[in-house]
Structure formats: structure tokens, C-alpha cells
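Printed here is start-v2.cif (mmCIF, C-alpha atoms and all ligand atoms):
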data_structure
#
loop_
_atom_site.label_atom_id
_atom_site.label_comp_id
_atom_site.auth_asym_id
_atom_site.auth_seq_id
_atom_site.Cartn_x
_atom_site.Cartn_y
_atom_site.Cartn_z
CA MET A 1 40.76 -8.64 -3.34
CA ARG A 2 43.05 -8.86 -6.38
CA VAL A 3 41.31 -7.65 -9.48
CA SER A 4 42.52 -7.37 -13.09
CA LEU A 5 40.72 -5.24 -15.68
CA LEU A 6 41.57 -6.19 -19.27
CA GLN A 7 41.29 -3.08 -21.45
CA VAL A 8 41.13 -4.91 -24.77
CA ALA A 9 41.83 -3.34 -28.20
CA VAL A 10 38.83 -4.12 -30.42
CA ASP A 11 40.18 -2.94 -33.74
CA ASP A 12 38.43 -3.37 -37.09
CA SER A 13 41.76 -4.64 -38.45
CA GLU A 14 41.81 -7.75 -36.20
CA ARG A 15 39.68 -10.81 -36.94
CA PRO A 16 37.32 -11.51 -34.02
CA GLU A 17 38.55 -15.17 -33.83
CA ASP A 18 42.14 -13.93 -33.52
CA ARG A 19 41.11 -11.48 -30.84
CA ALA A 20 39.31 -14.24 -28.94
CA ASN A 21 42.43 -16.44 -28.97
CA ARG A 22 44.59 -13.52 -27.88
CA VAL A 23 42.29 -12.59 -24.99
CA VAL A 24 42.17 -16.18 -23.71
CA GLN A 25 45.96 -15.93 -23.35
CA LEU A 26 45.68 -12.58 -21.57
CA VAL A 27 43.24 -14.08 -19.07
CA GLU A 28 45.57 -17.06 -18.59
CA ALA A 29 48.37 -14.60 -17.74
CA GLU A 30 46.16 -12.91 -15.14
CA ARG A 31 45.40 -16.29 -13.58
CA GLU A 32 49.16 -16.90 -13.34
CA SER A 33 49.67 -13.46 -11.79
CA GLY A 34 47.32 -14.42 -8.93
CA ALA A 35 44.22 -12.44 -9.94
CA GLU A 36 41.08 -13.47 -8.06
CA LEU A 37 38.63 -11.53 -10.23
CA VAL A 38 39.21 -10.68 -13.91
CA ILE A 39 36.91 -8.34 -15.84
CA LEU A 40 36.60 -8.12 -19.65
CA PRO A 41 34.83 -5.33 -21.60
CA GLU A 42 31.57 -5.10 -23.58
CA LEU A 43 31.17 -6.93 -26.92
CA TRP A 44 34.93 -7.41 -27.22
CA VAL A 45 34.61 -10.31 -29.72
CA ALA A 46 32.08 -8.89 -32.21
CA GLY A 47 32.86 -5.21 -31.52
CA GLY A 48 30.59 -2.70 -29.79
CA PHE A 49 30.09 -0.55 -32.89
CA ASP A 50 30.44 -3.06 -35.72
CA TYR A 51 26.64 -3.43 -35.84
CA LYS A 52 26.62 -4.98 -39.28
CA SER A 53 28.54 -8.02 -38.09
CA TRP A 54 26.42 -8.72 -35.04
CA SER A 55 24.08 -11.22 -36.66
CA ASP A 56 27.14 -13.21 -37.83
CA HIS A 57 28.34 -13.46 -34.22
CA ALA A 58 24.98 -14.02 -32.56
CA GLU A 59 24.64 -17.36 -30.76
CA PRO A 60 23.19 -18.81 -27.58
CA ILE A 61 25.54 -18.23 -24.64
CA ALA A 62 25.82 -21.99 -24.14
CA ALA A 63 27.23 -22.37 -27.69
CA SER A 64 29.87 -19.62 -27.52
CA ARG A 65 33.40 -20.89 -28.22
CA PRO A 66 35.15 -17.88 -26.64
CA ILE A 67 33.12 -18.41 -23.46
CA GLU A 68 33.91 -22.13 -23.47
CA ALA A 69 37.65 -21.42 -23.85
CA LEU A 70 37.62 -18.75 -21.15
CA GLU A 71 35.67 -21.01 -18.80
CA LYS A 72 38.50 -23.57 -18.97
CA VAL A 73 40.99 -20.89 -17.91
CA ARG A 74 38.66 -19.63 -15.17
CA ALA A 75 38.08 -23.04 -13.65
CA GLY A 76 41.75 -24.06 -13.95
CA ASP A 77 43.13 -27.55 -13.56
CA GLY A 78 42.18 -28.08 -9.93
CA ALA A 79 45.73 -27.37 -8.68
CA SER A 80 44.96 -23.71 -7.90
CA PRO A 81 41.75 -21.94 -6.81
CA GLU A 82 39.08 -21.25 -9.41
CA MET A 83 38.96 -17.61 -10.48
CA TRP A 84 36.00 -15.27 -10.65
CA LEU A 85 35.55 -14.01 -14.21
CA HIS A 86 33.38 -11.36 -15.83
CA PHE A 87 33.57 -12.68 -19.39
CA GLY A 88 32.49 -9.31 -20.84
CA SER A 89 29.37 -9.19 -22.99
CA TYR A 90 28.32 -11.06 -26.16
CA VAL A 91 25.71 -10.91 -28.88
CA GLU A 92 23.30 -13.46 -27.46
CA SER A 93 20.73 -15.08 -29.71
CA ALA A 94 17.71 -16.07 -27.59
CA PRO A 95 15.48 -19.05 -28.52
CA ASP A 96 12.85 -16.69 -30.03
CA GLY A 97 15.52 -15.10 -32.27
CA THR A 98 15.85 -11.85 -30.29
CA LEU A 99 19.41 -10.57 -29.89
CA TYR A 100 20.62 -9.28 -26.52
CA ASN A 101 23.82 -7.65 -25.30
CA THR A 102 24.48 -10.21 -22.58
CA SER A 103 27.20 -10.22 -19.94
CA VAL A 104 28.37 -13.50 -18.49
CA PHE A 105 29.80 -13.87 -14.99
CA ARG A 106 31.04 -17.03 -13.33
CA GLY A 107 32.80 -18.01 -10.12
CA PRO A 108 33.82 -21.14 -8.26
CA GLY A 109 31.38 -24.04 -8.05
CA ALA A 110 27.93 -23.18 -9.30
CA VAL A 111 28.28 -19.39 -9.30
CA ALA A 112 26.88 -18.23 -12.65
CA ALA A 113 25.04 -15.08 -13.70
CA GLN A 114 23.97 -13.44 -16.94
CA TYR A 115 22.93 -9.84 -17.36
CA ARG A 116 21.12 -8.58 -20.45
CA LYS A 117 21.91 -4.88 -20.91
CA ILE A 118 18.83 -2.88 -19.95
CA HIS A 119 19.54 0.45 -21.69
CA ARG A 120 20.34 0.08 -25.39
CA PHE A 121 22.57 2.68 -27.00
CA GLY A 122 22.11 4.08 -30.51
CA PHE A 123 18.84 6.07 -30.49
CA SER A 124 17.42 5.22 -33.93
CA GLU A 125 20.17 2.79 -35.01
CA GLY A 126 22.57 0.09 -33.82
CA GLU A 127 21.83 -1.59 -30.52
CA ALA A 128 18.59 0.34 -30.01
CA THR A 129 17.06 -1.21 -33.14
CA LEU A 130 18.90 -4.54 -33.41
CA MET A 131 18.71 -5.81 -29.84
CA GLY A 132 16.06 -6.40 -27.23
CA PRO A 133 16.24 -4.71 -23.82
CA GLY A 134 17.10 -6.70 -20.71
CA GLU A 135 14.51 -6.52 -17.94
CA ASP A 136 16.27 -7.76 -14.82
CA LEU A 137 18.79 -6.29 -12.40
CA VAL A 138 21.53 -8.80 -11.60
CA THR A 139 23.68 -9.16 -8.50
CA VAL A 140 26.18 -11.86 -7.59
CA THR A 141 27.16 -12.98 -4.08
CA SER A 142 30.94 -13.15 -3.71
CA PRO A 143 33.43 -13.53 -0.83
CA TRP A 144 34.05 -9.75 -1.11
CA GLY A 145 30.40 -8.75 -0.89
CA THR A 146 27.51 -8.36 -3.34
CA LEU A 147 28.53 -7.42 -6.89
CA GLY A 148 26.12 -5.47 -9.11
CA LEU A 149 26.40 -5.84 -12.90
CA ALA A 150 25.85 -3.09 -15.48
CA THR A 151 26.89 -2.39 -19.06
CA CYS A 152 28.15 0.82 -20.69
CA TYR A 153 25.19 3.11 -21.57
CA ASP A 154 23.48 1.95 -18.34
CA LEU A 155 25.95 4.29 -16.61
CA ARG A 156 23.82 7.27 -17.64
CA PHE A 157 20.76 6.01 -15.71
CA PRO A 158 21.36 6.44 -11.95
CA GLU A 159 18.08 4.75 -11.00
CA LEU A 160 19.48 1.43 -12.22
CA PHE A 161 22.27 1.68 -9.64
CA ARG A 162 19.83 2.59 -6.86
CA GLY A 163 17.99 -0.57 -7.82
CA LEU A 164 21.21 -2.56 -7.51
CA LEU A 165 21.92 -0.85 -4.18
CA ASP A 166 18.51 -1.96 -2.94
CA LYS A 167 19.50 -5.50 -3.91
CA GLY A 168 22.58 -5.20 -1.67
CA MET A 169 25.26 -4.00 -4.10
CA GLU A 170 28.63 -3.26 -2.47
CA HIS A 171 30.78 -3.32 -5.61
CA LEU A 172 29.80 -2.34 -9.13
CA VAL A 173 31.28 -4.34 -12.02
CA MET A 174 30.85 -2.71 -15.45
CA CYS A 175 31.85 -3.69 -18.95
CA SER A 176 31.87 -1.10 -21.73
CA ALA A 177 32.66 -0.05 -25.28
CA TRP A 178 32.58 3.68 -24.58
CA PRO A 179 33.81 6.04 -27.32
CA GLU A 180 36.72 8.42 -26.92
CA LYS A 181 34.50 11.33 -27.97
CA ARG A 182 32.50 11.20 -24.72
CA ILE A 183 35.18 9.79 -22.42
CA GLU A 184 34.91 12.70 -19.97
CA HIS A 185 31.26 11.71 -19.35
CA TRP A 186 32.49 8.19 -18.54
CA ARG A 187 35.13 9.43 -16.11
CA VAL A 188 32.74 11.74 -14.26
CA LEU A 189 29.84 9.30 -14.14
CA LEU A 190 31.98 6.43 -12.83
CA ARG A 191 33.06 8.58 -9.91
CA ALA A 192 29.49 9.79 -9.37
CA ARG A 193 28.16 6.22 -9.21
CA ALA A 194 30.91 5.30 -6.69
CA ILE A 195 30.27 8.34 -4.49
CA GLU A 196 26.47 8.31 -4.53
CA ASN A 197 26.19 4.56 -3.86
CA GLN A 198 29.34 4.25 -1.71
CA VAL A 199 30.61 1.26 -3.67
CA PHE A 200 33.82 0.19 -5.33
CA VAL A 201 33.50 0.61 -9.09
CA PHE A 202 35.44 -1.75 -11.37
CA ALA A 203 34.83 -0.58 -14.95
CA THR A 204 36.53 -2.10 -18.00
CA ASN A 205 36.37 -0.28 -21.34
CA CYS A 206 37.69 -1.13 -24.83
CA VAL A 207 40.28 0.73 -26.88
CA GLY A 208 40.97 0.71 -30.61
CA THR A 209 38.69 1.72 -33.46
CA ASN A 210 35.56 -0.37 -33.94
CA GLY A 211 32.98 0.17 -36.68
CA GLY A 212 35.00 3.31 -37.41
CA VAL A 213 34.42 4.62 -33.84
CA PRO A 214 37.51 5.29 -31.69
CA LEU A 215 36.98 3.80 -28.24
CA GLY A 216 38.26 5.66 -25.21
CA GLY A 217 39.83 3.24 -22.72
CA ARG A 218 40.25 4.86 -19.28
CA SER A 219 39.12 1.69 -17.55
CA ALA A 220 39.04 2.50 -13.87
CA VAL A 221 38.82 1.33 -10.31
CA ILE A 222 37.17 3.91 -8.02
CA ASP A 223 36.88 3.45 -4.27
CA PRO A 224 33.65 4.14 -2.32
CA TRP A 225 34.93 7.58 -1.33
CA GLY A 226 35.32 8.49 -5.02
CA ASN A 227 39.10 8.24 -5.19
CA VAL A 228 40.54 6.91 -8.43
CA VAL A 229 42.56 3.87 -7.36
CA ALA A 230 43.73 3.10 -10.90
CA GLU A 231 42.94 4.38 -14.37
CA GLY A 232 43.95 3.14 -17.80
CA GLY A 233 45.17 5.21 -20.72
CA GLY A 234 44.15 4.94 -24.36
CA GLU A 235 46.00 1.75 -25.37
CA GLU A 236 45.47 -1.94 -24.65
CA GLU A 237 46.61 -2.69 -21.11
CA VAL A 238 45.83 -4.58 -17.95
CA LEU A 239 44.99 -2.73 -14.72
CA ARG A 240 45.91 -4.78 -11.67
CA VAL A 241 44.68 -3.61 -8.27
CA ASP A 242 44.61 -4.96 -4.77
CA VAL A 243 41.81 -3.35 -2.78
CA ASP A 244 40.24 -3.83 0.65
CA PRO A 245 36.50 -4.52 0.25
CA ALA A 246 35.97 -3.51 3.93
CA LEU A 247 36.32 0.08 2.74
CA VAL A 248 32.69 -0.01 1.65
CA ALA A 249 31.37 -0.57 5.19
CA GLN A 250 33.92 1.88 6.60
CA THR A 251 32.83 4.60 4.17
CA ARG A 252 29.15 3.96 4.87
CA ASP A 253 29.84 4.20 8.64
CA THR A 254 31.95 7.35 8.37
CA LEU A 255 29.50 9.18 6.10
CA PRO A 256 26.10 7.46 6.59
CA VAL A 257 24.28 9.28 3.78
CA LEU A 258 22.51 6.16 2.52
CA LYS A 259 20.60 6.02 5.81
CA ASP A 260 19.13 9.44 4.98
CA ARG A 261 17.42 8.30 1.78
CA ARG A 262 13.73 9.23 1.87
CA LEU A 263 12.32 8.16 -1.51
CA ARG A 264 12.41 4.52 -2.55
N1 LIG A 301 28.19 0.92 -25.94
C1 LIG A 301 27.53 1.89 -25.36
O1 LIG A 301 26.61 1.67 -24.61
C2 LIG A 301 27.99 3.28 -25.69
C3 LIG A 301 27.45 4.33 -24.76
C4 LIG A 301 27.83 5.70 -25.17
O2 LIG A 301 28.51 5.90 -26.17
C5 LIG A 301 27.39 6.83 -24.36
O3 LIG A 301 26.62 6.64 -23.40
O4 LIG A 301 27.81 7.97 -24.67
#
Just dump the structure as C-alpha cells.
Amino acid sequence: MRVSLLQVAVDDSERPEDRANRVVQLVEAERESGAELVILPELWVAGGFDYKSWSDHAEPIAASRPIEALEKVRAGDGASPEMWLHFGSYVESAPDGTLYNTSVFRGPGAVAAQYRKIHRFGFSEGEATLMGPGEDLVTVTSPWGTLGLATCYDLRFPELFRGLLDKGMEHLVMCSAWPEKRIEHWRVLLRARAIENQVFVFATNCVGTNGGVPLGGRSAVIDPWGNVVAEGGGEEEVLRVDVDPALVAQTRDTLPVLKDRRLR
């Protein structure tokens, strides 16, 4: 399973359209490198903390130009296999006008999923006041096993991941815009979610300064035993890993703690 995590710089100094064009090229390069699954971060076009611009970027998922451009790269020209792509998340405008922080995931053929972030960050401002909460847990069936989707602040709510586990999750795919200030929480919680659910965690964060908030990077791949397979630094970069998805079943057989769960 060859996975690429694109730790994108989402700087206030770069125009979102320029960033979108740049990221399409980065994804193209991952396709050429042989990646099977590519994962982008949270709100990488509009910016996770540039709240004031969100209404300018809000649109239905079906009308998003960055998604349309990335979909062409994902699907390819038919000469090589279609990729699996987590497009990151976007400011979705729903038909009733509500905004959501919505992740888009697509794979070969008809594989398509959308996840509206359930836990909104910001307390009395930002996402918590400007966006609606998602209601549904989302999993995707893949050749490597069942993928569970989650976004950033969700990481602090372990019951969400138990819910995904009960839906068959074997690998967790996360997109984030997690600030540098609390990056040690991110690092600990990613490992905790991997260990307690015995899953691979593939978590892509942003870097750069967005809405004046420095973002922390440290995108990571954690195996089901809790080992850090790869971890990013604090600059834009691509993490490329080749992992064996069978490690999930092996870990669950070796240390069958999930069979001892008593409360559901
Ligand atoms: N974009 C987010 O959800 C940020 C979450 C965060 O900063 C935190 O949980 O701390």
C-alpha cells in the first residue's frame, strides 16, 4: 500500500487559486511516483483559520474547480490505474445555505465518499459559529481494508473512532489544519487512536501561517502497534510510505484487546 501525505503550506501570503494550481501539480507528481493513495489536508484552499474568507470560497462540492482539476489527475488518462485520493476538506455550501467543513474521497470506478466534520473547532468563534456540524460517520471500502474518515478537532473525541471501529475501520485517514501551539496534543492523540483502535493512522496536517495562526505540520503515519512509521517536520513536504495493511489483523491477533471490550 503506497501512500503519499501532502503536507501543504497554507500561507496567508499565497492566493488560494495559486495554491490550488500548485497542489494539483504536487498530486500529479505523486501519481507519477506510483502512489496508490494520496491524502491532502483540511481546508487547504480557503485556509483553516482564515474564517473571514470562508463565505467567498463556499460552494457546492459538485461546483468546486480544485476538486474538478484534482479528479482529472486522480482518474488519469486510462493508461495507468486510477488512484485513490483524499482531496482534503472544503468549505461546502449546502442547498439550504449552511456551510460545512466537508472532506471528499474518491477511488476507482464509482468509489466516492464525503464526510462533513462532526466536531467544529473554535468554541464561540470560527468554525463553531460559521459552520454546521456533520452528523454521519463515514467509512470507505478499499482493497487495503475499511478506511475511516475524520477531520482535525475530531481527534479529541475518542468515541467517534470507536464508532468508526464498529463500522469496520482498519485504517484511519485524517485531514487537519492543526496549530503549532498544540502540536504535542496532535502527536500524542494520533498514537493513542492507533493503539486503542489497532489501526493504521494516516494523518495529513498543514504548515505555514493561516489567518495569523502558525500551523504545526508533523503529518504522520502510525502503525497499529503505535510505532511512528513516518513523521513530517514543520515545512511543506511529501511523506511517502509503503506499508503492509495485513499488520492490522496481525496486531489484533497478537494482542486481542478489542475482543475484551464490554461497553458498546
Ligand atoms: N482545525 C481544527 O479543527 C483545529 C483543532 C485544534 O486546534 C485543536 O484541537 O487544538
Ligand LIG 301 (chain A): which residues are within 10 Å, counting only C-alpha atoms and all ligand atoms, as a ChimeraX atom specification? /A:42-43,47-49,101,117,119-122,126-128,151-157,175-186,205-206,213,215-216
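Shell of region 1-8 of chain A at 7 Å, with all atoms listed in the file counted and residues fewer than 3 places along the chain excluded, is Glu30, Ala35, Glu36, Leu37, Val38, Ile39, Leu40, Pro41, Thr204, Asn205, Cys206, Val207, Gly217, Ser219, Glu236, Glu237, Val238, Leu239, Arg240, Val241, Asp242, Val243, Asp244 and Pro245 of chain A.
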In the coordinate frame of the file, compute which residues have an atom within 12 Å of (17.2, 5.5, -8.0) when using all atoms listed in the file, and state them as a list in words.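 Applying the cut-off with all atoms listed in the file, one gets Arg156, Phe157, Pro158, Glu159, Leu160, Phe161, Arg162, Gly163, Leu164, Leu165, Asp166, Lys167, Arg193, Glu196, Asn197, Leu258, Arg261, Arg262, Leu263 and Arg264 of chain A.
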Leaving out Gly212 (chain A) and any residue of its chain fewer than 6 positions from it, which residues lie within 10 Å of it when counting all atoms listed in the file, given as a PDB file with C-alpha atoms, in the coordinates of the input?
ATOM      1  CA  ASP A  11      40.180  -2.940 -33.740  1.00  0.00           C
ATOM      2  CA  ASP A  12      38.430  -3.370 -37.090  1.00  0.00           C
ATOM      3  CA  PHE A  49      30.090  -0.550 -32.890  1.00  0.00           C
ATOM      4  CA  ASP A  50      30.440  -3.060 -35.720  1.00  0.00           C
TER       5      ASP A  50
END
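In this model, the gap between CA of Ala220 (chain A) and CA of Val201 (chain A) comes to 7.6 Å.
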From A:Leu130, A:Leu137, A:Ala29, A:Ile67, residue lying nearest Arg116 (chain A) [all atoms listed in the file]: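 With all atoms listed in the file as the atom set, the closest residue is A:Leu137.
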Which one of A:Asn210, A:Phe202, A:Val91, A:Val27 sits closest to Pro224 (chain A) if you count only C-alpha atoms?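 Closest residue, counting only C-alpha atoms: A:Phe202.
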Can you work out which one of A:Ala203, A:Ile222, A:Val111, A:Ala230 has the shortest atom-to-atom distance to Met174 (chain A), counting all atoms listed in the file? A:Ala203
Name the closest residue to Glu235 (chain A) among the candidates A:Ala113, A:Val221, A:Pro214, A:Gln250; distances are taken between atoms, counting all atoms listed in the file. A:Pro214
Within 12 Å of Leu247 (chain A) using all atoms listed in the file, minus same-chain residues under 2 positions, as a list in words: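 The neighbour list is Met1, Trp144, Gly145, Glu170, His171, Gln198, Val199, Phe200, Ile222, Asp223, Pro224, Trp225, Gly226, Asn227, Val243, Asp244, Pro245, Ala249, Gln250, Thr251, Arg252, Asp253, Thr254 and Leu255 of chain A.
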Could you please determine the separation between CA of Leu149 (chain A) and CA of Gly88 (chain A) in Å, to one decimal place?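 Between CA of Leu149 (chain A) and CA of Gly88 (chain A) the gap works out to 10.6 Å.
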Would you mind putting N, CA and C atoms back on region 73-106 of chain A and writing the result as a PDB file, keeping the file's coordinate frame?
ATOM      1  N   VAL A  73      39.949 -21.663 -18.610  1.00  0.00           N
ATOM      2  CA  VAL A  73      40.990 -20.890 -17.910  1.00  0.00           C
ATOM      3  C   VAL A  73      40.484 -20.514 -16.514  1.00  0.00           C
ATOM      4  N   ARG A  74      39.232 -20.059 -16.458  1.00  0.00           N
ATOM      5  CA  ARG A  74      38.660 -19.630 -15.170  1.00  0.00           C
ATOM      6  C   ARG A  74      38.679 -20.760 -14.154  1.00  0.00           C
ATOM      7  N   ALA A  75      38.214 -21.909 -14.585  1.00  0.00           N
ATOM      8  CA  ALA A  75      38.080 -23.040 -13.650  1.00  0.00           C
ATOM      9  C   ALA A  75      39.445 -23.630 -13.295  1.00  0.00           C
ATOM     10  N   GLY A  76      40.407 -23.543 -14.218  1.00  0.00           N
ATOM     11  CA  GLY A  76      41.750 -24.060 -13.950  1.00  0.00           C
ATOM     12  C   GLY A  76      41.785 -25.584 -13.946  1.00  0.00           C
ATOM     13  N   ASP A  77      42.922 -26.104 -13.494  1.00  0.00           N
ATOM     14  CA  ASP A  77      43.130 -27.550 -13.560  1.00  0.00           C
ATOM     15  C   ASP A  77      42.941 -28.231 -12.213  1.00  0.00           C
ATOM     16  N   GLY A  78      42.407 -27.485 -11.245  1.00  0.00           N
ATOM     17  CA  GLY A  78      42.180 -28.080  -9.930  1.00  0.00           C
ATOM     18  C   GLY A  78      43.361 -27.889  -8.987  1.00  0.00           C
ATOM     19  N   ALA A  79      44.524 -27.517  -9.529  1.00  0.00           N
ATOM     20  CA  ALA A  79      45.730 -27.370  -8.680  1.00  0.00           C
ATOM     21  C   ALA A  79      45.719 -26.016  -7.962  1.00  0.00           C
ATOM     22  N   SER A  80      45.045 -25.031  -8.536  1.00  0.00           N
ATOM     23  CA  SER A  80      44.960 -23.710  -7.900  1.00  0.00           C
ATOM     24  C   SER A  80      43.491 -23.301  -7.826  1.00  0.00           C
ATOM     25  N   PRO A  81      43.165 -22.303  -6.976  1.00  0.00           N
ATOM     26  CA  PRO A  81      41.750 -21.940  -6.810  1.00  0.00           C
ATOM     27  C   PRO A  81      41.106 -21.486  -8.117  1.00  0.00           C
ATOM     28  N   GLU A  82      39.818 -21.760  -8.252  1.00  0.00           N
ATOM     29  CA  GLU A  82      39.080 -21.250  -9.410  1.00  0.00           C
ATOM     30  C   GLU A  82      39.034 -19.718  -9.320  1.00  0.00           C
ATOM     31  N   MET A  83      39.064 -19.068 -10.476  1.00  0.00           N
ATOM     32  CA  MET A  83      38.960 -17.610 -10.480  1.00  0.00           C
ATOM     33  C   MET A  83      37.495 -17.196 -10.596  1.00  0.00           C
ATOM     34  N   TRP A  84      37.264 -15.916 -10.331  1.00  0.00           N
ATOM     35  CA  TRP A  84      36.000 -15.270 -10.650  1.00  0.00           C
ATOM     36  C   TRP A  84      36.238 -14.505 -11.951  1.00  0.00           C
ATOM     37  N   LEU A  85      35.323 -14.630 -12.894  1.00  0.00           N
ATOM     38  CA  LEU A  85      35.550 -14.010 -14.210  1.00  0.00           C
ATOM     39  C   LEU A  85      34.270 -13.345 -14.731  1.00  0.00           C
ATOM     40  N   HIS A  86      34.410 -12.030 -15.026  1.00  0.00           N
ATOM     41  CA  HIS A  86      33.380 -11.360 -15.830  1.00  0.00           C
ATOM     42  C   HIS A  86      33.858 -11.529 -17.260  1.00  0.00           C
ATOM     43  N   PHE A  87      33.155 -12.323 -18.045  1.00  0.00           N
ATOM     44  CA  PHE A  87      33.570 -12.680 -19.390  1.00  0.00           C
ATOM     45  C   PHE A  87      33.365 -11.537 -20.391  1.00  0.00           C
ATOM     46  N   GLY A  88      32.897 -10.371 -19.927  1.00  0.00           N
ATOM     47  CA  GLY A  88      32.490  -9.310 -20.840  1.00  0.00           C
ATOM     48  C   GLY A  88      31.118  -9.632 -21.405  1.00  0.00           C
ATOM     49  N   SER A  89      30.697  -8.878 -22.431  1.00  0.00           N
ATOM     50  CA  SER A  89      29.370  -9.190 -22.990  1.00  0.00           C
ATOM     51  C   SER A  89      29.482  -9.708 -24.424  1.00  0.00           C
ATOM     52  N   TYR A  90      28.382 -10.326 -24.880  1.00  0.00           N
ATOM     53  CA  TYR A  90      28.320 -11.060 -26.160  1.00  0.00           C
ATOM     54  C   TYR A  90      27.005 -10.765 -26.855  1.00  0.00           C
ATOM     55  N   VAL A  91      26.979 -11.010 -28.155  1.00  0.00           N
ATOM     56  CA  VAL A  91      25.710 -10.910 -28.880  1.00  0.00           C
ATOM     57  C   VAL A  91      24.995 -12.242 -28.687  1.00  0.00           C
ATOM     58  N   GLU A  92      24.039 -12.225 -27.771  1.00  0.00           N
ATOM     59  CA  GLU A  92      23.300 -13.460 -27.460  1.00  0.00           C
ATOM     60  C   GLU A  92      22.107 -13.604 -28.396  1.00  0.00           C
ATOM     61  N   SER A  93      21.932 -14.790 -28.940  1.00  0.00           N
ATOM     62  CA  SER A  93      20.730 -15.080 -29.710  1.00  0.00           C
ATOM     63  C   SER A  93      19.808 -15.927 -28.818  1.00  0.00           C
ATOM     64  N   ALA A  94      18.658 -15.358 -28.469  1.00  0.00           N
ATOM     65  CA  ALA A  94      17.710 -16.070 -27.590  1.00  0.00           C
ATOM     66  C   ALA A  94      16.904 -17.074 -28.425  1.00  0.00           C
ATOM     67  N   PRO A  95      16.243 -18.041 -27.764  1.00  0.00           N
ATOM     68  CA  PRO A  95      15.480 -19.050 -28.520  1.00  0.00           C
ATOM     69  C   PRO A  95      14.438 -18.458 -29.461  1.00  0.00           C
ATOM     70  N   ASP A  96      13.865 -17.281 -29.136  1.00  0.00           N
ATOM     71  CA  ASP A  96      12.850 -16.690 -30.030  1.00  0.00           C
ATOM     72  C   ASP A  96      13.481 -15.837 -31.139  1.00  0.00           C
ATOM     73  N   GLY A  97      14.834 -15.842 -31.208  1.00  0.00           N
ATOM     74  CA  GLY A  97      15.520 -15.100 -32.270  1.00  0.00           C
ATOM     75  C   GLY A  97      15.934 -13.688 -31.881  1.00  0.00           C
ATOM     76  N   THR A  98      15.464 -13.198 -30.722  1.00  0.00           N
ATOM     77  CA  THR A  98      15.850 -11.850 -30.290  1.00  0.00           C
ATOM     78  C   THR A  98      17.330 -11.835 -29.920  1.00  0.00           C
ATOM     79  N   LEU A  99      18.015 -10.748 -30.301  1.00  0.00           N
ATOM     80  CA  LEU A  99      19.410 -10.570 -29.890  1.00  0.00           C
ATOM     81  C   LEU A  99      19.457  -9.724 -28.619  1.00  0.00           C
ATOM     82  N   TYR A 100      20.386 -10.068 -27.744  1.00  0.00           N
ATOM     83  CA  TYR A 100      20.620  -9.280 -26.520  1.00  0.00           C
ATOM     84  C   TYR A 100      22.114  -9.038 -26.370  1.00  0.00           C
ATOM     85  N   ASN A 101      22.443  -7.944 -25.682  1.00  0.00           N
ATOM     86  CA  ASN A 101      23.820  -7.650 -25.300  1.00  0.00           C
ATOM     87  C   ASN A 101      23.986  -8.231 -23.885  1.00  0.00           C
ATOM     88  N   THR A 102      24.533  -9.428 -23.821  1.00  0.00           N
ATOM     89  CA  THR A 102      24.480 -10.210 -22.580  1.00  0.00           C
ATOM     90  C   THR A 102      25.849 -10.410 -21.952  1.00  0.00           C
ATOM     91  N   SER A 103      25.969 -10.009 -20.702  1.00  0.00           N
ATOM     92  CA  SER A 103      27.200 -10.220 -19.940  1.00  0.00           C
ATOM     93  C   SER A 103      27.128 -11.563 -19.227  1.00  0.00           C
ATOM     94  N   VAL A 104      28.288 -12.180 -19.124  1.00  0.00           N
ATOM     95  CA  VAL A 104      28.370 -13.500 -18.490  1.00  0.00           C
ATOM     96  C   VAL A 104      29.346 -13.394 -17.323  1.00  0.00           C
ATOM     97  N   PHE A 105      28.950 -13.934 -16.190  1.00  0.00           N
ATOM     98  CA  PHE A 105      29.800 -13.870 -14.990  1.00  0.00           C
ATOM     99  C   PHE A 105      29.788 -15.256 -14.340  1.00  0.00           C
ATOM    100  N   ARG A 106      30.981 -15.728 -14.019  1.00  0.00           N
ATOM    101  CA  ARG A 106      31.040 -17.030 -13.330  1.00  0.00           C
ATOM    102  C   ARG A 106      32.091 -17.008 -12.231  1.00  0.00           C
TER     103      ARG A 106
END
